[in-house]
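Next comes work-v3.txt, a file with compact mmCIF, C-alpha atoms.
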# COMPACT_ATOMS: atom_id res chain seq x y z
CA MET B 922 -128.36 -132.54 -42.88
CA ARG B 923 -128.18 -128.75 -42.95
CA GLN B 924 -127.23 -128.78 -39.29
CA LEU B 925 -124.41 -131.18 -39.98
CA TRP B 926 -123.03 -128.90 -42.69
CA PHE B 927 -123.30 -125.94 -40.30
CA ILE B 928 -121.36 -127.77 -37.58
CA LEU B 929 -118.70 -128.77 -40.10
CA PHE B 930 -118.43 -125.14 -41.23
CA LEU B 931 -118.05 -123.96 -37.65
CA GLY B 932 -115.30 -126.48 -37.03
CA LEU B 933 -113.32 -125.38 -40.08
CA ALA B 934 -113.78 -121.73 -39.19
CA ALA B 935 -112.62 -122.31 -35.64
CA GLY B 936 -109.47 -123.99 -36.90
CA SER B 937 -108.74 -121.09 -39.20
CA TRP B 938 -109.25 -118.54 -36.41
CA ALA B 939 -107.01 -120.56 -34.12
CA GLN B 940 -104.19 -120.30 -36.68
CA ASP B 941 -104.62 -116.55 -36.87
CA ALA B 942 -104.59 -116.22 -33.10
CA VAL B 943 -100.90 -117.17 -32.74
CA PRO B 944 -99.42 -114.25 -30.76
CA GLU B 945 -97.00 -111.96 -32.51
CA GLU B 946 -94.49 -112.31 -29.67
CA SER B 947 -94.04 -116.03 -30.27
CA ARG B 948 -92.86 -115.49 -33.85
CA SER B 949 -89.16 -116.10 -34.14
CA ARG B 950 -87.03 -115.22 -37.09
CA PHE B 951 -83.43 -114.93 -38.09
CA CYS B 952 -82.12 -112.12 -40.21
CA ALA B 953 -78.78 -110.70 -41.30
CA VAL B 954 -77.51 -107.21 -41.93
CA ASP B 955 -74.69 -106.68 -44.40
CA ILE B 956 -72.30 -103.92 -43.38
CA TYR B 957 -70.72 -101.91 -46.16
CA LEU B 958 -67.91 -99.40 -45.93
CA ASP B 959 -66.85 -96.95 -48.58
CA ALA B 960 -63.39 -95.41 -48.22
CA LYS B 961 -63.99 -93.05 -51.17
CA GLY B 962 -60.92 -94.08 -53.10
CA ALA B 963 -58.50 -94.55 -50.22
CA PRO B 964 -57.11 -98.01 -49.50
CA LEU B 965 -59.14 -99.28 -46.54
CA ALA B 966 -56.77 -101.11 -44.21
CA ALA B 967 -58.59 -100.89 -40.90
CA TYR B 968 -62.03 -100.08 -39.62
CA GLN B 969 -64.01 -100.05 -36.42
CA LEU B 970 -67.75 -99.53 -36.17
CA GLU B 971 -70.60 -99.99 -33.78
CA PHE B 972 -73.82 -101.71 -34.74
CA ALA B 973 -76.89 -101.35 -32.55
CA VAL B 974 -80.48 -102.52 -32.82
CA THR B 975 -82.47 -99.47 -31.86
CA ASN B 976 -85.97 -100.89 -31.37
CA GLY B 977 -85.18 -104.06 -29.44
CA ALA B 978 -86.52 -106.23 -32.25
CA ALA B 979 -83.52 -108.55 -32.44
CA LYS B 980 -80.33 -109.65 -30.75
CA VAL B 981 -76.92 -110.39 -32.18
CA VAL B 982 -76.24 -114.08 -32.64
CA GLY B 983 -73.31 -114.16 -35.05
CA ILE B 984 -70.76 -112.15 -37.00
CA GLU B 985 -69.35 -113.00 -40.38
CA GLY B 986 -66.49 -111.60 -42.43
CA GLY B 987 -66.77 -109.61 -45.63
CA ASP B 988 -66.40 -110.09 -49.37
CA HIS B 989 -62.97 -108.64 -49.99
CA PRO B 990 -60.06 -111.00 -49.27
CA ALA B 991 -58.55 -108.41 -46.93
CA PHE B 992 -61.60 -108.60 -44.66
CA ARG B 993 -62.85 -112.12 -45.31
CA ASP B 994 -62.07 -113.35 -41.80
CA PRO B 995 -64.59 -112.47 -39.09
CA PRO B 996 -63.75 -109.16 -37.46
CA PHE B 997 -62.81 -108.64 -33.84
CA TYR B 998 -65.79 -108.31 -31.50
CA ASP B 999 -66.59 -108.68 -27.84
CA PRO B 1000 -68.10 -112.13 -27.17
CA LYS B 1001 -70.29 -110.49 -24.54
CA ALA B 1002 -72.17 -108.88 -27.43
CA MET B 1003 -73.82 -112.18 -28.28
CA GLN B 1004 -77.50 -112.17 -27.37
CA GLN B 1005 -77.27 -108.42 -26.92
CA GLU B 1006 -78.41 -105.55 -29.09
CA ARG B 1007 -75.11 -103.83 -29.63
CA VAL B 1008 -71.72 -104.88 -30.89
CA VAL B 1009 -68.46 -103.18 -31.85
CA VAL B 1010 -66.68 -104.85 -34.75
CA ALA B 1011 -63.22 -104.05 -36.04
CA ALA B 1012 -60.68 -105.51 -38.42
CA PHE B 1013 -57.46 -104.60 -40.17
CA SER B 1014 -55.28 -105.92 -42.93
CA THR B 1015 -51.55 -105.45 -43.32
CA GLU B 1016 -51.71 -106.13 -47.02
CA PRO B 1017 -50.20 -103.49 -49.30
CA ALA B 1018 -52.46 -100.74 -50.58
CA ALA B 1019 -52.89 -102.41 -53.97
CA ARG B 1020 -54.58 -105.37 -52.31
CA LEU B 1021 -57.00 -103.37 -50.22
CA PRO B 1022 -60.52 -102.25 -51.11
CA ASN B 1023 -60.86 -98.59 -51.98
CA GLY B 1024 -64.55 -98.41 -52.82
CA ARG B 1025 -67.78 -99.68 -51.37
CA THR B 1026 -67.31 -103.16 -50.03
CA ARG B 1027 -69.04 -105.50 -47.63
CA VAL B 1028 -66.77 -105.83 -44.62
CA ALA B 1029 -69.00 -107.85 -42.30
CA THR B 1030 -72.42 -109.34 -41.79
CA ILE B 1031 -74.27 -109.26 -38.49
CA HIS B 1032 -76.62 -112.18 -37.89
CA LEU B 1033 -79.58 -111.52 -35.68
CA HIS B 1034 -82.37 -113.37 -34.01
CA GLY B 1035 -85.63 -111.52 -33.67
CA SER B 1036 -88.94 -112.16 -32.04
CA GLY B 1037 -92.21 -110.44 -32.73
CA GLY B 1038 -93.36 -108.86 -35.92
CA ALA B 1039 -91.64 -105.49 -35.58
CA ALA B 1040 -89.39 -104.46 -38.45
CA LEU B 1041 -85.72 -104.35 -37.62
CA GLN B 1042 -84.30 -100.90 -36.94
CA PHE B 1043 -80.61 -100.38 -36.43
CA GLU B 1044 -77.88 -97.76 -36.54
CA LEU B 1045 -74.22 -97.78 -37.49
CA LYS B 1046 -71.49 -95.55 -36.09
CA VAL B 1047 -68.03 -95.52 -37.58
CA GLY B 1048 -65.41 -95.50 -34.83
CA ALA B 1049 -62.31 -95.47 -36.97
CA GLY B 1050 -61.07 -95.96 -40.47
CA GLY B 1051 -57.46 -96.21 -41.54
CA ASP B 1052 -55.47 -96.49 -44.70
CA SER B 1053 -52.47 -98.71 -45.38
CA ASP B 1054 -50.13 -96.22 -43.69
CA GLY B 1055 -52.17 -96.23 -40.53
CA LYS B 1056 -53.53 -92.75 -41.13
CA ARG B 1057 -57.08 -92.03 -40.08
CA ILE B 1058 -59.41 -91.69 -43.08
CA PHE B 1059 -63.08 -90.97 -43.58
CA VAL B 1060 -65.23 -93.99 -44.35
CA GLU B 1061 -68.94 -94.10 -45.01
CA ALA B 1062 -70.89 -96.93 -43.44
CA SER B 1063 -74.20 -98.39 -44.53
CA GLY B 1064 -76.15 -101.47 -43.62
CA LYS B 1065 -78.72 -103.47 -45.53
CA GLU B 1066 -80.92 -106.26 -44.23
CA ARG B 1067 -80.80 -109.38 -46.33
CA LYS B 1068 -84.08 -110.45 -47.82
CA ASP B 1069 -83.21 -113.99 -48.71
CA GLN B 1070 -83.72 -115.48 -45.23
CA MET M 1300 -48.88 -43.91 60.15
CA ASN M 1301 -49.63 -40.34 61.16
CA TRP M 1302 -52.69 -38.84 59.42
CA ASN M 1303 -52.33 -35.40 61.04
CA MET M 1304 -52.23 -33.09 58.12
CA HIS M 1305 -51.49 -30.11 60.30
CA GLN M 1306 -47.96 -31.25 60.93
CA PRO M 1307 -45.72 -28.51 59.64
CA GLU M 1308 -43.57 -29.16 56.62
CA HIS M 1309 -39.90 -28.29 57.03
CA ASN M 1310 -38.82 -28.49 53.46
CA GLY M 1311 -39.51 -24.90 52.74
CA GLU M 1312 -42.75 -25.47 50.82
CA GLU M 1313 -46.09 -23.93 51.60
CA GLU M 1314 -47.89 -25.54 54.54
CA LEU M 1315 -51.09 -27.38 53.55
CA ALA M 1316 -54.18 -27.44 55.73
CA ALA M 1317 -56.79 -30.17 55.33
CA PRO M 1318 -60.43 -29.54 56.08
CA GLU M 1319 -61.56 -30.43 59.55
CA LYS M 1320 -64.14 -32.94 58.30
CA LEU M 1321 -61.55 -34.83 56.32
CA VAL M 1322 -59.21 -34.92 59.28
CA ALA M 1323 -61.96 -36.25 61.50
CA ALA M 1324 -62.95 -38.90 58.99
CA LEU M 1325 -59.39 -40.04 58.56
CA LYS M 1326 -59.02 -40.28 62.30
CA ARG M 1327 -62.00 -42.68 62.37
CA VAL M 1328 -60.34 -45.13 60.00
CA PRO M 1329 -58.86 -48.00 62.03
CA SER M 1330 -55.14 -47.70 62.10
CA ARG M 1331 -54.61 -51.45 62.56
CA VAL M 1332 -53.76 -53.39 59.43
CA PRO M 1333 -55.73 -56.69 59.38
CA PHE M 1334 -53.64 -59.78 59.82
CA ILE M 1335 -53.19 -61.91 56.63
CA PRO M 1336 -51.59 -65.31 57.13
CA PRO M 1337 -48.40 -65.76 55.11
CA ALA M 1338 -49.81 -68.91 53.51
CA VAL M 1339 -52.80 -67.04 52.10
CA ASP M 1340 -50.59 -64.21 51.01
CA GLY M 1341 -48.25 -66.63 49.23
CA THR M 1342 -51.13 -68.40 47.50
CA VAL M 1343 -52.54 -65.13 46.23
CA LEU M 1344 -49.13 -64.10 45.03
CA ARG M 1345 -48.55 -67.36 43.15
CA ALA M 1346 -52.00 -67.15 41.57
CA ALA M 1347 -51.30 -63.61 40.46
CA ARG M 1348 -47.97 -64.61 38.98
CA ARG M 1349 -49.57 -67.48 37.07
CA GLN M 1350 -52.27 -65.19 35.76
CA LEU M 1351 -49.96 -62.39 34.74
CA ALA M 1352 -47.10 -64.48 33.38
CA PRO M 1353 -46.62 -64.26 29.54
CA ARG M 1354 -48.20 -67.21 27.67
CA THR M 1355 -45.31 -68.88 25.87
CA SER M 1356 -46.38 -72.55 25.87
CA PRO M 1357 -49.21 -72.51 23.25
CA THR M 1358 -47.10 -70.59 20.78
CA LEU M 1359 -44.27 -73.04 21.24
CA PHE M 1360 -46.66 -75.96 20.67
CA GLY M 1361 -47.99 -74.30 17.48
CA PHE M 1362 -44.48 -73.82 16.22
CA LYS M 1363 -43.68 -77.49 16.80
CA LEU M 1364 -46.87 -78.51 15.00
CA MET M 1365 -45.96 -76.35 12.03
CA ARG M 1366 -42.53 -77.95 11.87
CA TRP M 1367 -44.07 -81.42 11.88
CA ALA M 1368 -46.55 -80.44 9.17
CA ALA M 1369 -43.81 -78.99 7.00
CA GLY M 1370 -41.74 -82.15 7.42
CA ALA M 1371 -44.68 -84.35 6.50
CA ALA M 1372 -45.36 -82.24 3.40
CA VAL M 1373 -41.76 -82.58 2.27
CA VAL M 1374 -41.86 -86.37 2.76
CA CYS M 1375 -45.11 -86.60 0.78
CA GLY M 1376 -43.66 -84.48 -2.01
CA VAL M 1377 -40.58 -86.66 -2.28
CA ALA M 1378 -42.76 -89.80 -2.32
CA ILE M 1379 -44.88 -88.40 -5.17
CA VAL M 1380 -41.80 -87.51 -7.19
CA LEU M 1381 -40.37 -91.01 -6.68
CA VAL M 1382 -43.63 -92.66 -7.78
CA GLN M 1383 -43.77 -90.48 -10.90
CA MET M 1384 -40.16 -91.34 -11.73
CA GLN M 1385 -40.97 -95.04 -11.31
CA ARG M 1386 -43.94 -94.75 -13.63
CA SER M 1387 -42.04 -92.83 -16.26
CA SER M 1388 -39.39 -95.54 -16.30
CA LEU M 1389 -42.12 -98.08 -17.24
CA ASN M 1390 -44.02 -95.80 -19.60
CA PRO M 1391 -41.82 -93.64 -21.79
CA PHE M 1392 -44.44 -90.92 -22.22
CA PRO M 1393 -44.05 -88.07 -19.78
CA GLY M 1394 -46.85 -87.74 -17.30
CA GLY M 1395 -48.39 -91.06 -18.37
CA ALA M 1396 -50.58 -89.22 -20.85
CA PHE M 1397 -51.33 -92.27 -22.98
CA ALA M 1398 -52.75 -95.66 -22.23
CA ARG M 1399 -50.44 -98.58 -22.89
CA GLU M 1400 -52.72 -99.76 -25.70
CA ASP M 1401 -52.67 -96.34 -27.35
CA VAL M 1402 -49.84 -97.28 -29.70
CA ASN M 1403 -50.26 -94.38 -32.12
CA HIS M 1404 -50.70 -91.84 -29.28
CA ASP M 1405 -53.85 -90.25 -30.62
CA GLY M 1406 -55.51 -90.26 -27.21
CA ARG M 1407 -57.85 -93.19 -27.78
CA VAL M 1408 -57.59 -96.93 -28.07
CA ASP M 1409 -59.10 -98.35 -31.23
CA ILE M 1410 -58.32 -100.76 -34.04
CA LEU M 1411 -55.75 -98.35 -35.48
CA ASP M 1412 -53.54 -99.04 -32.47
CA ALA M 1413 -53.66 -102.78 -33.10
CA PHE M 1414 -53.01 -102.08 -36.77
CA ALA M 1415 -50.02 -99.88 -35.93
CA LEU M 1416 -48.43 -102.60 -33.83
CA ALA M 1417 -49.21 -105.26 -36.44
CA ARG M 1418 -47.50 -103.15 -39.11
CA GLN M 1419 -44.49 -102.62 -36.87
CA LEU M 1420 -44.20 -106.35 -36.23
CA LYS M 1421 -44.65 -107.17 -39.90
CA THR M 1422 -42.10 -104.71 -41.20
CA GLY M 1423 -39.72 -105.62 -38.38
CA ARG M 1424 -38.23 -102.13 -38.23
CA GLY M 1425 -36.35 -102.40 -34.97
CA ALA M 1426 -37.41 -104.27 -31.89
CA ALA M 1427 -40.76 -103.31 -30.48
CA PRO M 1428 -40.37 -101.36 -27.24
CA PRO M 1429 -41.10 -103.38 -24.10
CA TRP M 1430 -43.95 -101.13 -23.03
CA LEU M 1431 -45.97 -102.58 -25.94
CA ASP M 1432 -46.08 -105.90 -24.13
CA VAL M 1433 -49.74 -105.33 -23.37
CA ASN M 1434 -50.59 -108.83 -22.22
CA GLY M 1435 -47.51 -108.98 -19.99
CA ASP M 1436 -46.12 -112.29 -21.25
CA GLY M 1437 -42.63 -110.89 -21.72
CA VAL M 1438 -42.66 -110.63 -25.52
CA VAL M 1439 -44.23 -108.24 -28.00
CA ASP M 1440 -45.96 -110.30 -30.64
CA GLU M 1441 -49.26 -111.01 -32.38
CA ARG M 1442 -50.91 -111.78 -29.09
CA ASP M 1443 -50.39 -108.18 -28.04
CA VAL M 1444 -52.02 -107.09 -31.29
CA THR M 1445 -54.99 -109.28 -30.47
CA ALA M 1446 -55.11 -107.94 -26.92
CA ILE M 1447 -55.23 -104.35 -28.17
CA ALA M 1448 -57.94 -105.21 -30.71
CA ALA M 1449 -59.96 -106.96 -28.03
CA HIS M 1450 -59.64 -103.89 -25.84
CA ALA M 1451 -60.81 -101.70 -28.71
CA VAL M 1452 -64.04 -103.64 -29.29
CA GLN M 1453 -64.83 -104.20 -25.64
CA LEU M 1454 -68.36 -103.29 -24.67
CA PRO M 1455 -68.52 -101.22 -21.49
CA LYS M 1456 -72.11 -102.06 -20.66
CA GLY M 1457 -72.26 -105.67 -21.79
CA GLY M 1458 -73.88 -104.93 -25.15
CA ARG M 1459 -77.15 -103.43 -23.99
CA SER M 1460 -78.35 -100.44 -25.94
Output the structure of this file as structure tokens.
Amino acid sequence: MRQLWFILFLGLAAGSWAQDAVPEESRSRFCAVDIYLDAKGAPLAAYQLEFAVTNGAAKVVGIEGGDHPAFRDPPFYDPKAMQQERVVVAAFSTEPAARLPNGRTRVATIHLHGSGGAALQFELKVGAGGDSDGKRIFVEASGKERKDQ
Amino acid sequence: MNWNMHQPEHNGEEELAAPEKLVAALKRVPSRVPFIPPAVDGTVLRAARRQLAPRTSPTLFGFKLMRWAAGAAVVCGVAIVLVQMQRSSLNPFPGGAFAREDVNHDGRVDILDAFALARQLKTGRGAAPPWLDVNGDGVVDERDVTAIAAHAVQLPKGGRS
């Protein structure tokens, strides 16, 4: 009887170990990075920025527009960026200055597909920012990975 | 020819006397001039004339070559000027300093160029110049704005980091 219990224990333990032995590389996950721009009080009418995954942990699979009505539509991007690690996004709005964001606002969200257990690392570079008159302005970019996925 | 140096001079000058040994040696020299055929003589003469004649042909050839080179340079210069004039008629910026998509002429193509054209089309201040027909469909409209924006976000290396 004791031998039977021992065999049963070994079987359960083997099943548990087999679950733990799933390789890290086979793990697949989706994540999203919200892109925020802050025009520091100026009416943000146009922007262009580059997003890049720096550790190869994920690839771009989709791009979504922002919160503010002026940038709610998906921005311009190169379709070749899909399934790649880098993308340039840009958008503009011809709305008057009163209808444009002038503080920190989410302008886009980058959806990514990652494999492996490595934490996502990325960088943002602002290519251009413009106000409602078309003048170049300084904008501060930041990105935050969503935790609700 | 008479080699006798003792022959008296009658021109009033002092009479010269050669040494006996010299006179004897000169008398031993054969007085007959060797016969040279006229054909050989003529050949030697022609060869000497060819050798000693002034060399005018190479200089003349060099001068002709220089004239051809100068003419070709002038033709090339005129062709370059004509091409530049043709380009400047299509692109109003002297020297072609800006890309066609560089609407605001800041030296780079980005979303602000698309925005500038979109503003111009929206406000409708005057007709958009024909050189802003970026997609070449004969009209300047929203599709040109989209073409400029697409150019601005284009990835040069296909998206790889």
Residue neighbourhood Asp1440 of chain M, 12 Å, only C-alpha atoms, exclusion window fewer than 2 positions, as number ranges by chain: M: 1413, 1416-1421, 1423, 1426-1429, 1431-1438, 1442-1447
Please, which residues of chain B lie no more than 10 Å from chain M when the count uses all atoms listed in the file, and can they be set out as a JSON list (two decimals) with C-alpha atoms, in the frame of the given file?
[["chain", "number", "residue", "atom", "x", "y", "z"],
["B", 966, "ALA", "CA", -56.77, -101.11, -44.21],
["B", 967, "ALA", "CA", -58.59, -100.89, -40.90],
["B", 968, "TYR", "CA", -62.03, -100.08, -39.62],
["B", 969, "GLN", "CA", -64.01, -100.05, -36.42],
["B", 970, "LEU", "CA", -67.75, -99.53, -36.17],
["B", 971, "GLU", "CA", -70.60, -99.99, -33.78],
["B", 972, "PHE", "CA", -73.82, -101.71, -34.74],
["B", 973, "ALA", "CA", -76.89, -101.35, -32.55],
["B", 974, "VAL", "CA", -80.48, -102.52, -32.82],
["B", 975, "THR", "CA", -82.47, -99.47, -31.86],
["B", 976, "ASN", "CA", -85.97, -100.89, -31.37],
["B", 977, "GLY", "CA", -85.18, -104.06, -29.44],
["B", 980, "LYS", "CA", -80.33, -109.65, -30.75],
["B", 981, "VAL", "CA", -76.92, -110.39, -32.18],
["B", 996, "PRO", "CA", -63.75, -109.16, -37.46],
["B", 997, "PHE", "CA", -62.81, -108.64, -33.84],
["B", 998, "TYR", "CA", -65.79, -108.31, -31.50],
["B", 999, "ASP", "CA", -66.59, -108.68, -27.84],
["B", 1000, "PRO", "CA", -68.10, -112.13, -27.17],
["B", 1001, "LYS", "CA", -70.29, -110.49, -24.54],
["B", 1002, "ALA", "CA", -72.17, -108.88, -27.43],
["B", 1003, "MET", "CA", -73.82, -112.18, -28.28],
["B", 1004, "GLN", "CA", -77.50, -112.17, -27.37],
["B", 1005, "GLN", "CA", -77.27, -108.42, -26.92],
["B", 1006, "GLU", "CA", -78.41, -105.55, -29.09],
["B", 1007, "ARG", "CA", -75.11, -103.83, -29.63],
["B", 1008, "VAL", "CA", -71.72, -104.88, -30.89],
["B", 1009, "VAL", "CA", -68.46, -103.18, -31.85],
["B", 1010, "VAL", "CA", -66.68, -104.85, -34.75],
["B", 1011, "ALA", "CA", -63.22, -104.05, -36.04],
["B", 1012, "ALA", "CA", -60.68, -105.51, -38.42],
["B", 1013, "PHE", "CA", -57.46, -104.60, -40.17],
["B", 1014, "SER", "CA", -55.28, -105.92, -42.93],
["B", 1015, "THR", "CA", -51.55, -105.45, -43.32],
["B", 1016, "GLU", "CA", -51.71, -106.13, -47.02],
["B", 1048, "GLY", "CA", -65.41, -95.50, -34.83],
["B", 1049, "ALA", "CA", -62.31, -95.47, -36.97],
["B", 1050, "GLY", "CA", -61.07, -95.96, -40.47],
["B", 1051, "GLY", "CA", -57.46, -96.21, -41.54],
["B", 1052, "ASP", "CA", -55.47, -96.49, -44.70],
["B", 1053, "SER", "CA", -52.47, -98.71, -45.38],
["B", 1054, "ASP", "CA", -50.13, -96.22, -43.69],
["B", 1055, "GLY", "CA", -52.17, -96.23, -40.53],
["B", 1056, "LYS", "CA", -53.53, -92.75, -41.13],
["B", 1057, "ARG", "CA", -57.08, -92.03, -40.08]]
Contact residues around segment 959-965 of chain B with only C-alpha atoms at 7 Å, ignoring same-chain residues under 4 positions, as a count of residues only: 14
Distance of atom CA of Gly1064 of chain B from atom CA of Ile956 of chain B, expressed in Å to one decimal place: 4.6 Å
Gap from atom CA of Phe1362 of chain M to atom CA of Ala1346 of chain M - Å, one decimal: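 So the answer is 27.3 Å.
One distance worth recording is that between atom CA of Glu985 of chain B and atom CA of Asp955 of chain B, which is 9.2 Å.
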Point (-71.9, -108.0, -40.7) neighbourhood (7 Å, all atoms listed in the file) written as a PyMOL selection string: chain B and resi 954-956+984-986+1028-1032
